[in-house]
$ cat final.txt   # compact mmCIF, C-alpha atoms
# COMPACT_ATOMS: atom_id res chain seq x y z
CA MET T 4 149.10 58.30 288.34
CA LEU T 5 145.78 56.43 288.34
CA LYS T 6 144.19 59.34 286.47
CA TYR T 7 146.75 59.15 283.60
CA THR T 8 146.47 55.35 283.47
CA SER T 9 142.69 55.55 283.09
CA LEU T 10 143.04 58.19 280.36
CA ILE T 11 145.49 56.02 278.40
CA PHE T 12 143.17 53.03 278.77
CA LEU T 13 140.19 55.03 277.41
CA VAL T 14 142.26 56.23 274.45
CA ILE T 15 143.27 52.63 273.59
CA ILE T 16 139.65 51.47 273.77
CA SER T 17 138.54 54.37 271.56
CA LEU T 18 141.20 53.60 268.92
CA SER T 19 140.31 49.90 268.97
CA VAL T 20 136.59 50.60 268.50
CA ASN T 21 137.28 53.04 265.65
CA ALA T 22 139.63 50.55 263.94
CA GLN T 23 137.05 47.76 264.27
CA LYS T 24 134.39 50.10 262.89
CA ASN T 25 136.56 50.92 259.87
CA ILE T 26 137.15 47.21 259.25
CA THR T 27 133.50 46.21 259.46
CA GLU T 28 132.43 49.06 257.18
CA GLN T 29 134.43 47.49 254.36
CA LEU T 30 133.10 44.64 252.25
CA SER T 31 134.26 41.35 253.78
CA ILE T 32 134.77 38.38 251.46
CA PHE T 33 135.60 34.72 251.88
CA LEU T 34 137.80 33.58 248.99
CA ASP T 35 137.12 29.90 248.27
CA CYS T 36 139.63 28.86 245.59
CA ASN T 37 142.04 25.92 245.64
CA VAL T 38 143.91 26.86 242.45
CA CYS T 39 144.27 30.63 242.92
CA ASP T 40 147.34 32.56 244.01
CA ASN T 41 145.60 33.71 247.20
CA GLU T 42 148.62 35.68 248.41
CA PHE T 43 148.69 37.73 245.20
CA LEU T 44 144.95 38.41 245.38
CA ARG T 45 145.16 39.60 248.99
CA GLN T 46 148.06 41.89 248.16
CA ASN T 47 146.42 43.47 245.11
CA LEU T 48 142.69 43.61 245.89
CA GLY T 49 141.82 46.62 248.04
CA ASN T 50 138.55 48.00 249.43
CA VAL T 51 137.76 44.61 250.99
CA GLN T 52 138.54 42.59 254.08
CA PHE T 53 139.34 38.90 253.65
CA VAL T 54 137.81 36.63 256.31
CA ARG T 55 138.76 33.08 257.25
CA ASP T 56 135.32 31.44 257.07
CA GLN T 57 132.37 31.50 254.68
CA PHE T 58 129.94 32.29 257.50
CA LEU T 59 131.81 35.45 258.54
CA GLY T 60 131.78 37.44 255.30
CA ASP T 61 129.42 39.56 253.24
CA VAL T 62 130.32 37.62 250.09
CA HIS T 63 131.35 34.01 249.53
CA VAL T 64 133.44 33.89 246.33
CA PHE T 65 133.29 30.24 245.25
CA PHE T 66 135.59 29.05 242.42
CA VAL T 67 134.96 25.85 240.44
CA THR T 68 137.48 24.92 237.73
CA GLN T 69 137.92 22.26 235.07
CA ARG T 70 140.71 21.53 232.63
CA ASN T 71 139.83 22.79 229.16
CA GLY T 72 140.92 21.72 225.69
CA SER T 73 143.65 24.37 225.40
CA GLY T 74 145.53 22.98 228.40
CA GLY T 75 144.35 25.76 230.70
CA ARG T 76 141.34 26.01 232.99
CA SER T 77 137.73 27.07 232.66
CA PHE T 78 136.63 29.06 235.72
CA GLU T 79 133.10 29.38 237.11
CA VAL T 80 133.00 31.92 239.94
CA ASP T 81 129.86 32.20 242.08
CA PHE T 82 129.46 35.45 244.02
CA ILE T 83 127.14 34.50 246.87
CA GLY T 84 125.77 37.29 249.04
CA LYS T 85 125.47 36.75 252.79
CA ASN T 86 123.40 38.43 255.52
CA GLU T 87 121.88 41.68 254.19
CA LEU T 88 123.52 41.07 250.78
CA GLU T 89 121.90 37.63 250.39
CA PRO T 90 119.62 38.74 247.50
CA ILE T 91 122.72 39.32 245.33
CA ASN T 92 123.84 36.05 243.78
CA TYR T 93 125.33 35.56 240.30
CA LYS T 94 128.12 33.89 238.31
CA ILE T 95 131.08 34.99 236.16
CA THR T 96 132.95 32.65 233.80
CA PHE T 97 136.36 33.01 232.16
CA SER T 98 139.12 30.78 230.79
CA THR T 99 142.89 30.50 230.61
CA ASP T 100 145.11 28.55 228.21
CA ALA T 101 148.40 26.66 228.34
CA ASN T 102 150.38 29.56 226.82
CA MET T 103 149.54 31.92 229.68
CA THR T 104 152.17 32.43 232.36
CA ARG T 105 151.34 32.10 236.04
CA ASP T 106 151.38 35.89 236.33
CA GLU T 107 148.93 36.29 233.43
CA VAL T 108 146.57 33.74 235.00
CA ARG T 109 146.51 35.43 238.40
CA LYS T 110 146.03 38.88 236.81
CA ARG T 111 143.07 37.63 234.80
CA THR T 112 141.65 36.08 237.97
CA LEU T 113 142.06 39.39 239.82
CA GLU T 114 140.33 41.40 237.07
CA ASN T 115 137.33 39.06 237.06
CA LEU T 116 137.22 39.11 240.85
CA LYS T 117 137.06 42.92 240.79
CA LEU T 118 134.34 42.84 238.16
CA GLY T 119 132.25 40.44 240.21
CA LEU T 120 132.46 42.54 243.37
CA VAL T 121 131.18 45.79 241.82
CA ARG T 122 127.52 45.13 242.65
CA PHE T 123 128.43 44.29 246.25
CA TRP T 124 130.49 47.48 246.64
CA ILE T 125 127.48 49.45 245.37
CA ALA T 126 125.13 47.69 247.80
CA LYS T 127 127.59 48.14 250.66
CA GLY T 128 128.07 51.82 249.85
CA THR T 129 131.87 51.62 249.61
CA THR T 130 132.42 52.86 246.05
CA ALA T 131 134.49 55.96 246.84
CA ASP T 132 137.70 54.30 245.61
CA VAL T 133 136.10 52.14 242.91
CA THR T 134 136.53 53.06 239.23
CA VAL T 135 135.30 51.31 236.10
CA SER T 136 137.20 51.48 232.82
CA VAL T 137 135.47 50.71 229.52
CA PRO T 138 136.52 51.54 225.94
CA THR T 139 135.13 54.63 224.23
CA PRO T 140 133.17 54.18 220.98
CA ASP T 141 136.18 55.38 218.97
CA ASP T 142 138.40 52.71 220.53
CA GLU T 143 135.99 49.85 219.96
CA LYS T 144 136.89 47.48 217.17
CA GLU T 145 134.81 44.82 215.60
CA GLU T 146 135.76 41.50 217.08
CA VAL T 147 136.75 38.98 214.46
CA GLU T 148 137.44 35.42 215.55
CA ASP T 149 140.78 34.34 214.15
CA ASP T 150 141.08 30.91 212.60
CA ASP T 151 142.93 28.55 214.89
CA PRO T 152 146.06 27.47 212.95
CA TRP T 153 146.37 24.42 215.20
CA ASP T 154 142.72 23.36 214.75
CA TYR T 155 142.28 22.82 218.54
CA TRP T 156 145.31 20.50 218.78
CA LEU T 157 147.45 20.75 221.91
CA PHE T 158 150.87 19.05 222.18
CA GLN T 159 152.99 18.63 225.30
CA LEU T 160 156.47 17.17 225.86
CA GLY T 161 158.20 16.54 229.16
CA ALA T 162 161.21 14.84 230.70
CA GLY T 163 162.70 14.60 234.16
CA GLY T 164 164.71 12.54 236.55
CA PHE T 165 166.61 12.40 239.81
CA PHE T 166 169.87 10.88 240.99
CA ASN T 167 170.94 10.37 244.59
CA GLY T 168 173.22 8.13 246.58
CA GLN T 169 175.49 7.50 249.51
CA GLU T 170 178.54 5.34 250.15
CA GLN T 171 176.83 1.95 249.84
CA SER T 172 173.73 2.70 247.77
CA ARG T 173 172.53 4.85 244.92
CA SER T 174 169.36 5.27 242.94
CA SER T 175 168.14 7.05 239.82
CA ASN T 176 164.93 7.66 237.94
CA VAL T 177 164.48 8.92 234.40
CA ASN T 178 161.14 9.59 232.72
CA VAL T 179 160.05 10.96 229.36
CA ASN T 180 156.47 11.74 228.35
CA GLY T 181 154.51 13.32 225.54
CA SER T 182 150.88 13.89 224.68
CA ALA T 183 148.62 15.17 221.93
CA ARG T 184 144.95 15.98 222.29
CA ARG T 185 142.14 17.75 220.54
CA VAL T 186 139.02 18.80 222.43
CA THR T 187 135.82 20.16 220.90
CA GLU T 188 132.16 20.02 221.95
CA LYS T 189 131.62 16.98 219.70
CA ASN T 190 134.86 15.07 220.07
CA LYS T 191 137.71 14.52 222.54
CA PHE T 192 140.83 12.75 221.28
CA SER T 193 143.87 12.01 223.45
CA LEU T 194 147.21 10.27 222.91
CA ARG T 195 149.78 9.84 225.70
CA VAL T 196 153.24 8.25 225.60
CA ARG T 197 155.39 7.63 228.67
CA PHE T 198 158.67 5.91 229.51
CA SER T 199 160.26 5.63 232.94
CA GLU T 200 163.14 3.65 234.42
CA SER T 201 164.11 3.35 238.07
CA ARG T 202 167.43 1.85 239.12
CA ASN T 203 168.49 1.00 242.69
CA VAL T 204 171.98 -0.28 243.54
CA PHE T 205 173.07 -1.58 246.97
CA GLU T 206 176.53 -2.81 248.00
CA PHE T 207 176.54 -5.64 250.54
CA GLU T 208 179.62 -7.62 251.59
CA GLY T 209 181.49 -6.59 248.44
CA GLU T 210 178.62 -7.48 246.08
CA GLU T 211 176.22 -5.21 244.23
CA ILE T 212 172.49 -5.83 244.33
CA VAL T 213 170.83 -4.10 241.38
CA GLY T 214 167.10 -3.59 240.95
CA ILE T 215 165.65 -2.14 237.75
CA ASN T 216 162.02 -1.24 237.06
CA ASP T 217 161.02 0.14 233.71
CA ARG T 218 157.62 1.05 232.33
CA LYS T 219 156.57 1.99 228.79
CA SER T 220 153.04 2.93 227.78
CA LEU T 221 151.01 4.32 224.90
CA ASN T 222 147.37 5.26 225.56
CA ILE T 223 144.85 6.40 222.95
CA SER T 224 141.23 7.41 223.45
CA ASP T 225 138.59 8.92 221.19
CA ILE T 226 135.32 10.07 222.79
CA ILE T 227 132.33 11.24 220.75
CA SER T 228 129.34 13.22 222.05
CA ILE T 229 125.89 11.84 221.20
CA THR T 230 123.52 14.03 223.27
CA ASN T 231 123.70 16.13 226.44
CA HIS T 232 123.57 12.86 228.43
CA TRP T 233 125.08 10.15 226.19
CA SER T 234 128.63 9.57 224.89
CA TYR T 235 130.58 6.69 223.42
CA GLY T 236 134.28 6.15 223.00
CA PHE T 237 137.17 3.87 222.09
CA PHE T 238 140.09 3.17 224.42
CA GLY T 239 143.34 1.45 223.47
CA SER T 240 146.73 0.97 225.06
CA VAL T 241 150.10 -0.69 224.51
CA ARG T 242 152.43 -1.11 227.48
CA SER T 243 155.21 -3.09 229.12
CA SER T 244 156.34 -3.26 232.73
CA THR T 245 158.92 -5.34 234.55
CA PHE T 246 156.98 -4.81 237.79
CA ASN T 247 153.82 -6.25 236.22
CA ASN T 248 155.70 -9.07 234.41
CA THR T 249 154.57 -7.92 230.95
CA ASP T 250 156.97 -7.79 228.03
CA MET T 251 154.16 -6.38 225.89
CA ALA T 252 150.43 -5.97 226.50
CA TRP T 253 147.75 -4.26 224.46
CA THR T 254 144.05 -3.60 224.96
CA PHE T 255 141.16 -2.25 222.90
CA ARG T 256 137.82 -1.50 224.55
CA PRO T 257 134.81 0.43 223.16
CA ALA T 258 132.68 2.13 225.82
CA LEU T 259 129.31 3.79 226.38
CA GLU T 260 128.56 6.41 229.06
CA TYR T 261 125.35 7.96 230.42
CA SER T 262 125.33 11.13 232.52
CA PHE T 263 122.37 11.58 234.87
CA PHE T 264 122.94 15.34 234.80
CA ASP T 265 123.52 17.51 231.76
CA TYR T 266 127.23 17.56 230.87
CA VAL T 267 127.20 21.38 231.00
CA ASP T 268 126.71 21.12 234.78
CA SER T 269 129.78 18.90 235.27
CA ALA T 270 131.78 21.60 237.11
CA LYS T 271 129.23 21.62 239.94
CA LYS T 272 127.76 18.12 239.88
CA GLN T 273 128.24 14.94 237.90
CA LEU T 274 126.94 11.37 238.14
CA THR T 275 127.75 8.91 235.35
CA ILE T 276 127.60 5.22 234.59
CA SER T 277 129.79 3.68 231.89
CA TYR T 278 130.33 0.22 230.40
CA ARG T 279 133.44 -1.01 228.56
CA ASN T 280 133.92 -4.29 226.71
CA GLY T 281 136.97 -5.39 224.72
CA ILE T 282 140.01 -7.57 224.16
CA ARG T 283 143.41 -7.78 225.86
CA PHE T 284 146.65 -9.50 224.85
CA ASN T 285 149.48 -10.20 227.32
CA ASP T 286 152.98 -11.40 226.47
CA TYR T 287 154.69 -12.20 229.79
CA ILE T 288 158.35 -11.87 230.77
CA GLU T 289 158.16 -15.00 232.97
CA ARG T 290 155.63 -17.82 232.83
CA THR T 291 152.72 -16.97 235.12
CA VAL T 292 151.14 -18.86 238.01
CA PHE T 293 148.51 -19.98 235.47
CA ASN T 294 151.30 -21.52 233.34
CA LYS T 295 150.90 -18.94 230.56
CA ASP T 296 153.60 -17.34 228.43
CA GLU T 297 151.07 -15.30 226.48
CA GLU T 298 147.29 -15.14 226.19
CA TYR T 299 144.28 -13.35 224.72
CA LEU T 300 141.54 -12.30 227.13
CA TRP T 301 138.07 -10.82 226.73
CA GLU T 302 137.14 -8.40 229.51
CA HIS T 303 134.41 -5.98 230.46
CA GLY T 304 133.86 -3.39 233.17
CA LEU T 305 131.17 -1.22 234.74
CA LEU T 306 131.92 2.08 236.48
CA VAL T 307 129.66 4.43 238.46
CA GLY T 308 131.17 7.72 239.55
CA GLY T 309 129.97 11.05 240.83
CA ARG T 310 131.15 14.31 242.32
CA ILE T 311 129.64 17.44 243.85
CA ASN T 312 131.34 20.82 244.29
CA GLN T 313 129.31 23.23 246.40
CA GLU T 314 129.96 26.09 248.80
CA TRP T 315 129.68 23.72 251.78
CA GLY T 316 132.50 21.53 250.46
CA ASN T 317 132.94 18.74 247.94
CA PHE T 318 132.21 15.05 247.62
CA ASN T 319 133.32 12.43 245.09
CA ALA T 320 132.84 8.69 244.92
CA GLU T 321 133.48 5.88 242.47
CA VAL T 322 132.70 2.16 242.23
CA SER T 323 134.03 -0.04 239.43
CA TYR T 324 133.79 -3.72 238.56
CA ASN T 325 136.07 -5.46 236.04
CA GLN T 326 135.89 -9.10 234.96
CA PHE T 327 137.51 -11.46 232.45
CA LEU T 328 134.77 -13.11 230.38
CA THR T 329 137.11 -15.96 229.43
CA ASP T 330 137.14 -16.93 233.14
CA THR T 331 134.43 -15.19 235.19
CA SER T 332 136.13 -16.14 238.48
CA LEU T 333 138.80 -13.54 237.68
CA TYR T 334 137.53 -10.07 238.65
CA SER T 335 138.24 -6.95 240.66
CA VAL T 336 136.05 -4.49 242.55
CA ASN T 337 137.25 -0.99 243.43
CA PHE T 338 135.73 1.58 245.77
CA PHE T 339 136.76 5.19 246.31
CA LEU T 340 135.28 7.90 248.53
CA GLY T 341 136.51 11.41 249.24
CA THR T 342 134.85 14.41 250.88
CA ARG T 343 135.64 17.74 252.49
CA ILE T 344 132.82 19.37 254.45
CA ARG T 345 132.57 22.66 256.32
CA LEU T 346 130.43 21.67 259.29
CA PHE T 347 130.36 24.99 261.15
CA LYS T 348 132.36 28.18 261.57
CA GLY T 349 136.06 27.39 261.29
CA PHE T 350 135.62 23.59 261.32
CA ASN T 351 136.39 21.45 258.27
CA PHE T 352 136.19 17.66 258.10
CA ASN T 353 137.83 15.61 255.35
CA VAL T 354 138.07 11.91 254.66
CA SER T 355 139.17 9.89 251.64
CA GLY T 356 139.92 6.26 251.05
CA SER T 357 139.95 3.42 248.58
CA TYR T 358 139.51 -0.33 248.83
CA SER T 359 140.09 -2.90 246.09
CA ILE T 360 139.26 -6.59 245.93
CA THR T 361 141.71 -8.17 243.48
CA ARG T 362 140.90 -11.60 242.10
CA ASN T 363 142.37 -11.01 238.63
CA GLN T 364 146.17 -11.02 239.07
CA ILE T 365 146.78 -13.19 236.02
CA ASN T 366 150.19 -11.61 235.37
CA LEU T 367 151.95 -12.86 238.54
CA PRO T 368 155.11 -14.85 237.66
CA GLY T 369 155.37 -18.46 238.75
CA GLY T 370 158.13 -19.64 241.06
CA ASP T 371 159.46 -18.20 244.30
CA LEU T 372 160.19 -14.53 244.86
CA SER T 373 163.77 -13.81 245.96
CA LEU T 374 164.54 -11.61 248.97
CA GLU T 375 166.18 -9.02 246.70
CA GLU T 376 163.10 -8.84 244.44
CA LEU T 377 160.87 -8.48 247.50
CA LEU T 378 162.91 -5.71 249.16
CA LEU T 379 163.53 -3.81 245.92
CA GLN T 380 159.86 -4.19 244.84
CA GLN T 381 160.87 -5.50 241.44
CA GLN T 382 157.73 -7.60 241.04
CA GLN T 383 154.10 -7.31 241.98
CA LEU T 384 153.04 -9.37 244.99
CA GLN T 385 149.97 -11.55 245.22
CA SER T 386 147.29 -9.86 247.28
CA GLY T 387 143.55 -10.37 247.59
CA PHE T 388 142.94 -6.75 248.53
CA ASN T 389 144.55 -3.36 249.05
CA TYR T 390 143.35 -0.21 250.76
CA PHE T 391 144.21 3.39 251.60
CA VAL T 392 142.52 5.67 254.16
CA ASN T 393 143.08 9.32 255.02
CA ILE T 394 141.03 11.16 257.63
CA GLY T 395 141.41 14.50 259.36
CA PHE T 396 139.88 17.77 260.40
CA SER T 397 140.89 21.38 260.85
CA TYR T 398 139.56 24.09 263.14
CA SER T 399 140.48 27.75 263.13
CA PHE T 400 139.51 30.47 265.58
CA GLY T 401 140.58 33.95 266.53
CA SER T 402 140.49 37.08 264.38
CA ILE T 403 138.15 36.70 261.42
CA TYR T 404 140.22 39.09 259.26
CA ASN T 405 143.21 37.78 257.31
CA THR T 406 144.04 40.47 254.75
CA ILE T 407 147.67 40.96 255.78
CA VAL T 408 150.31 39.03 253.85
CA ASN T 409 153.84 38.68 255.23
CA PRO T 410 156.13 36.73 252.85
CA ARG T 411 159.32 36.94 254.93
CA PHE T 412 161.44 33.76 255.12
CA ASP T 413 159.17 31.85 252.76
CA PHE T 414 162.20 30.23 251.10
$ encode --input "final.txt" --output "structure tokens"
Amino acid sequence: MLKYTSLIFLVIISLSVNAQKNITEQLSIFLDCNVCDNEFLRQNLGNVQFVRDQFLGDVHVFFVTQRNGSGGRSFEVDFIGKNELEPINYKITFSTDANMTRDEVRKRTLENLKLGLVRFWIAKGTTADVTVSVPTPDDEKEEVEDDDPWDYWLFQLGAGGFFNGQEQSRSSNVNVNGSARRVTEKNKFSLRVRFSESRNVFEFEGEEIVGINDRKSLNISDIISITNHWSYGFFGSVRSSTFNNTDMAWTFRPALEYSFFDYVDSAKKQLTISYRNGIRFNDYIERTVFNKDEEYLWEHGLLVGGRINQEWGNFNAEVSYNQFLTDTSLYSVNFFLGTRIRLFKGFNFNVSGSYSITRNQINLPGGDLSLEELLLQQQQLQSGFNYFVNIGFSYSFGSIYNTIVNPRFDF
């Protein structure tokens, strides 16, 4: 009996070693993409093993994306060799547009991923199942760029809402939005319109308590490129909000921005400083704590912001200062910080938070706030500051291979 048990044990060890050998002979990749359909890529990309950490693979595939003028995304994909493949390091770029379906986007991503891995398959010596398809000379056609009938304009419309309730309360929200924009290398124009209304109804002792918040806004911006580091723009808005006690408010502020890095590097790193200066008009629903029914204000603001996207993680921060020149004691200061860092194998640390000092709440209505208005959040409250903090970490360990996808009971 002991003899047969030992034989079975040796067979299991032999199969395990052979299986591990087959796994490690394949190209192992770490897919680093927050916007990709990772499940689809794992199911349709063969001849590789997906690993759970950047330090455990032969290749770190690092995606950086930005929204482009067509409403899609511009992708920059770095293929970073590790260990013996470290000398291989290059980039592939491609784009999608708003008319592409989710399936078309993920298929284009897969094709570019395959293309980028060819050199690594050659270096690894695992090209037995790899084929390359290119057109023959007879099939090639001269590429002619078609004129864009829309002249780079992109329009979007949207609407939505929800309705829920129970025996003694009900609520609803309806919103409508639309936008138009045109993005070229020299100019970026944007127009956005939005309307939303929230209604909350509570029944208490035979009476109904109704709270309504509505917001309307129109935002226009036109940004013009000067050089690879300088830009200027014009920003305007018209809006109303019951929560902010404004029956109608409009602003117009020209702005100037300087980028410490070339704008072409903005997907990987960006550090800018901008200054805005302009006029604001407020027409209030209720007389304010400053005894104003309406007023014109001159304001200016300074903003410094930066972000870094690298294979070790990402970091972004922003500091802004806004002040009313008609009364320099009225100002606000805002801070934001967010980062996600891979510290070592399997361990990720992330923290984000914001803090604002608010000394410019000129729109607060005078008089006392009722209990209903307080509970239903119908009006903005006076506050000298506000903050938000999020902090966390994640650690994974165990098998480094994660190629298998099991979608059962995902709904």
$ residues_around --input "final.txt" --residues "range 82-90 of chain T" --least-positions-apart "4" --cutoff "6 Å" --atoms "all atoms listed in the file" --output "MDAnalysis selection string"
chainID T and resid 61:64
$ residues_around --input "final.txt" --residues "range 202-212 of chain T" --least-positions-apart "6" --cutoff "6 Å" --atoms "only C-alpha atoms" --output "VMD selection string"
chain T and resid 171 to 175
$ atom_distance --input "final.txt" --atom1 "CA of Asn247 in chain T" --atom2 "CA of Ile215 in chain T"
12.6 Å
$ residues_around --input "final.txt" --residues "Gly163 in chain T" --least-positions-apart "6" --cutoff "10 Å" --atoms "all atoms listed in the file" --output "ChimeraX atom specification"
/T:176-180,199
$ atom_distance --input "final.txt" --atom1 "CA of Ala126 in chain T" --atom2 "CA of Trp315 in chain T"
24.7 Å
$ atom_distance --input "final.txt" --atom1 "CA of Gln29 in chain T" --atom2 "CA of Asp132 in chain T"
11.6 Å
$ closest_residue --input "final.txt" --among "T:Glu260, T:Asp40, T:Glu79, T:Asp296" --to "Phe237 in chain T" --atoms "only C-alpha atoms"
T:Glu260
$ closest_residue --input "final.txt" --among "T:Val267, T:Val54, T:Val322, T:Val336" --to "Asn231 in chain T" --atoms "only C-alpha atoms"
T:Val267
$ residues_around --input "final.txt" --residues "Ile229 in chain T" --least-positions-apart "5" --cutoff "9 Å" --atoms "all atoms listed in the file" --output "PyMOL selection string"
chain T and resi 189+234-235
$ residues_around --input "final.txt" --residues "Asn363 in chain T" --least-positions-apart "5" --cutoff "7 Å" --atoms "all atoms listed in the file" --output "PyMOL selection string"
chain T and resi 333-335
$ closest_residue --input "final.txt" --among "T:Trp156, T:Phe246, T:Phe388, T:Phe166" --to "Asn190 in chain T" --atoms "only C-alpha atoms"
T:Trp156
$ closest_residue --input "final.txt" --among "T:Asp56, T:Glu289, T:Asp106, T:Asp268" --to "Asn312 in chain T" --atoms "all atoms listed in the file"
T:Asp268
$ closest_residue --input "final.txt" --among "T:Thr134, T:Gln159, T:Ser224, T:Gln52" --to "Asn102 in chain T" --atoms "only C-alpha atoms"
T:Gln159
$ closest_residue --input "final.txt" --among "T:Leu160, T:Val133, T:Leu118, T:Val67" --to "Val38 in chain T" --atoms "only C-alpha atoms"
T:Val67
$ decode --input "final.txt" --residues "range 347-371 of chain T" --atoms "N, CA and C atoms" --output "mmCIF file, in the first residue's frame"
data_model
loop_
_atom_site.group_PDB
_atom_site.id
_atom_site.type_symbol
_atom_site.label_atom_id
_atom_site.label_comp_id
_atom_site.auth_asym_id
_atom_site.auth_seq_id
_atom_site.Cartn_x
_atom_site.Cartn_y
_atom_site.Cartn_z
ATOM 1 N N PHE T 347 5.340 47.591 -3.359
ATOM 2 C CA PHE T 347 6.105 46.370 -3.603
ATOM 3 C C PHE T 347 5.148 45.320 -4.118
ATOM 4 N N LYS T 348 5.656 44.112 -4.351
ATOM 5 C CA LYS T 348 4.871 43.078 -5.012
ATOM 6 C C LYS T 348 3.522 42.857 -4.324
ATOM 7 N N GLY T 349 2.455 43.115 -5.057
ATOM 8 C CA GLY T 349 1.115 42.844 -4.560
ATOM 9 C C GLY T 349 0.530 43.909 -3.665
ATOM 10 N N PHE T 350 1.313 44.939 -3.288
ATOM 11 C CA PHE T 350 0.833 45.943 -2.327
ATOM 12 C C PHE T 350 0.629 47.277 -3.024
ATOM 13 N N ASN T 351 -0.594 47.805 -2.933
ATOM 14 C CA ASN T 351 -0.947 49.102 -3.499
ATOM 15 C C ASN T 351 -1.499 50.005 -2.410
ATOM 16 N N PHE T 352 -1.044 51.247 -2.398
ATOM 17 C CA PHE T 352 -1.501 52.238 -1.428
ATOM 18 C C PHE T 352 -2.172 53.371 -2.176
ATOM 19 N N ASN T 353 -3.347 53.807 -1.707
ATOM 20 C CA ASN T 353 -4.027 54.923 -2.358
ATOM 21 C C ASN T 353 -4.599 55.859 -1.310
ATOM 22 N N VAL T 354 -4.542 57.124 -1.614
ATOM 23 C CA VAL T 354 -5.099 58.152 -0.728
ATOM 24 C C VAL T 354 -5.555 59.324 -1.589
ATOM 25 N N SER T 355 -6.673 59.907 -1.242
ATOM 26 C CA SER T 355 -7.161 61.112 -1.920
ATOM 27 C C SER T 355 -7.944 61.945 -0.924
ATOM 28 N N GLY T 356 -7.955 63.225 -1.145
ATOM 29 C CA GLY T 356 -8.682 64.097 -0.233
ATOM 30 C C GLY T 356 -8.712 65.524 -0.732
ATOM 31 N N SER T 357 -9.645 66.273 -0.214
ATOM 32 C CA SER T 357 -9.760 67.685 -0.563
ATOM 33 C C SER T 357 -10.108 68.478 0.687
ATOM 34 N N TYR T 358 -9.677 69.717 0.699
ATOM 35 C CA TYR T 358 -9.988 70.622 1.807
ATOM 36 C C TYR T 358 -10.195 72.013 1.229
ATOM 37 N N SER T 359 -11.273 72.662 1.636
ATOM 38 C CA SER T 359 -11.593 74.000 1.131
ATOM 39 C C SER T 359 -11.844 74.955 2.277
ATOM 40 N N ILE T 360 -11.248 76.128 2.191
ATOM 41 C CA ILE T 360 -11.526 77.232 3.111
ATOM 42 C C ILE T 360 -12.472 78.180 2.378
ATOM 43 N N THR T 361 -13.657 78.363 2.894
ATOM 44 C CA THR T 361 -14.683 79.156 2.206
ATOM 45 C C THR T 361 -14.997 80.419 2.995
ATOM 46 N N ARG T 362 -14.549 81.528 2.458
ATOM 47 C CA ARG T 362 -14.839 82.845 3.048
ATOM 48 C C ARG T 362 -15.549 83.735 2.039
ATOM 49 N N ASN T 363 -16.231 83.106 1.070
ATOM 50 C CA ASN T 363 -16.852 83.882 -0.018
ATOM 51 C C ASN T 363 -18.292 83.472 -0.273
ATOM 52 N N GLN T 364 -19.026 83.044 0.750
ATOM 53 C CA GLN T 364 -20.414 82.612 0.570
ATOM 54 C C GLN T 364 -21.344 83.815 0.562
ATOM 55 N N ILE T 365 -21.252 84.608 -0.490
ATOM 56 C CA ILE T 365 -22.037 85.841 -0.593
ATOM 57 C C ILE T 365 -23.493 85.565 -0.920
ATOM 58 N N ASN T 366 -23.802 84.331 -1.374
ATOM 59 C CA ASN T 366 -25.147 84.021 -1.837
ATOM 60 C C ASN T 366 -26.066 83.498 -0.739
ATOM 61 N N LEU T 367 -25.585 83.336 0.490
ATOM 62 C CA LEU T 367 -26.416 82.777 1.559
ATOM 63 C C LEU T 367 -27.607 83.689 1.850
ATOM 64 N N PRO T 368 -28.830 83.129 1.927
ATOM 65 C CA PRO T 368 -30.006 83.970 2.201
ATOM 66 C C PRO T 368 -30.013 84.442 3.647
ATOM 67 N N GLY T 369 -30.570 85.642 3.863
ATOM 68 C CA GLY T 369 -30.715 86.139 5.215
ATOM 69 C C GLY T 369 -31.902 85.481 5.903
ATOM 70 N N GLY T 370 -32.004 85.640 7.193
ATOM 71 C CA GLY T 370 -33.101 85.044 7.939
ATOM 72 C C GLY T 370 -32.744 83.654 8.448
ATOM 73 N N ASP T 371 -33.668 83.073 9.187
ATOM 74 C CA ASP T 371 -33.440 81.768 9.796
ATOM 75 C C ASP T 371 -33.792 80.651 8.823
#
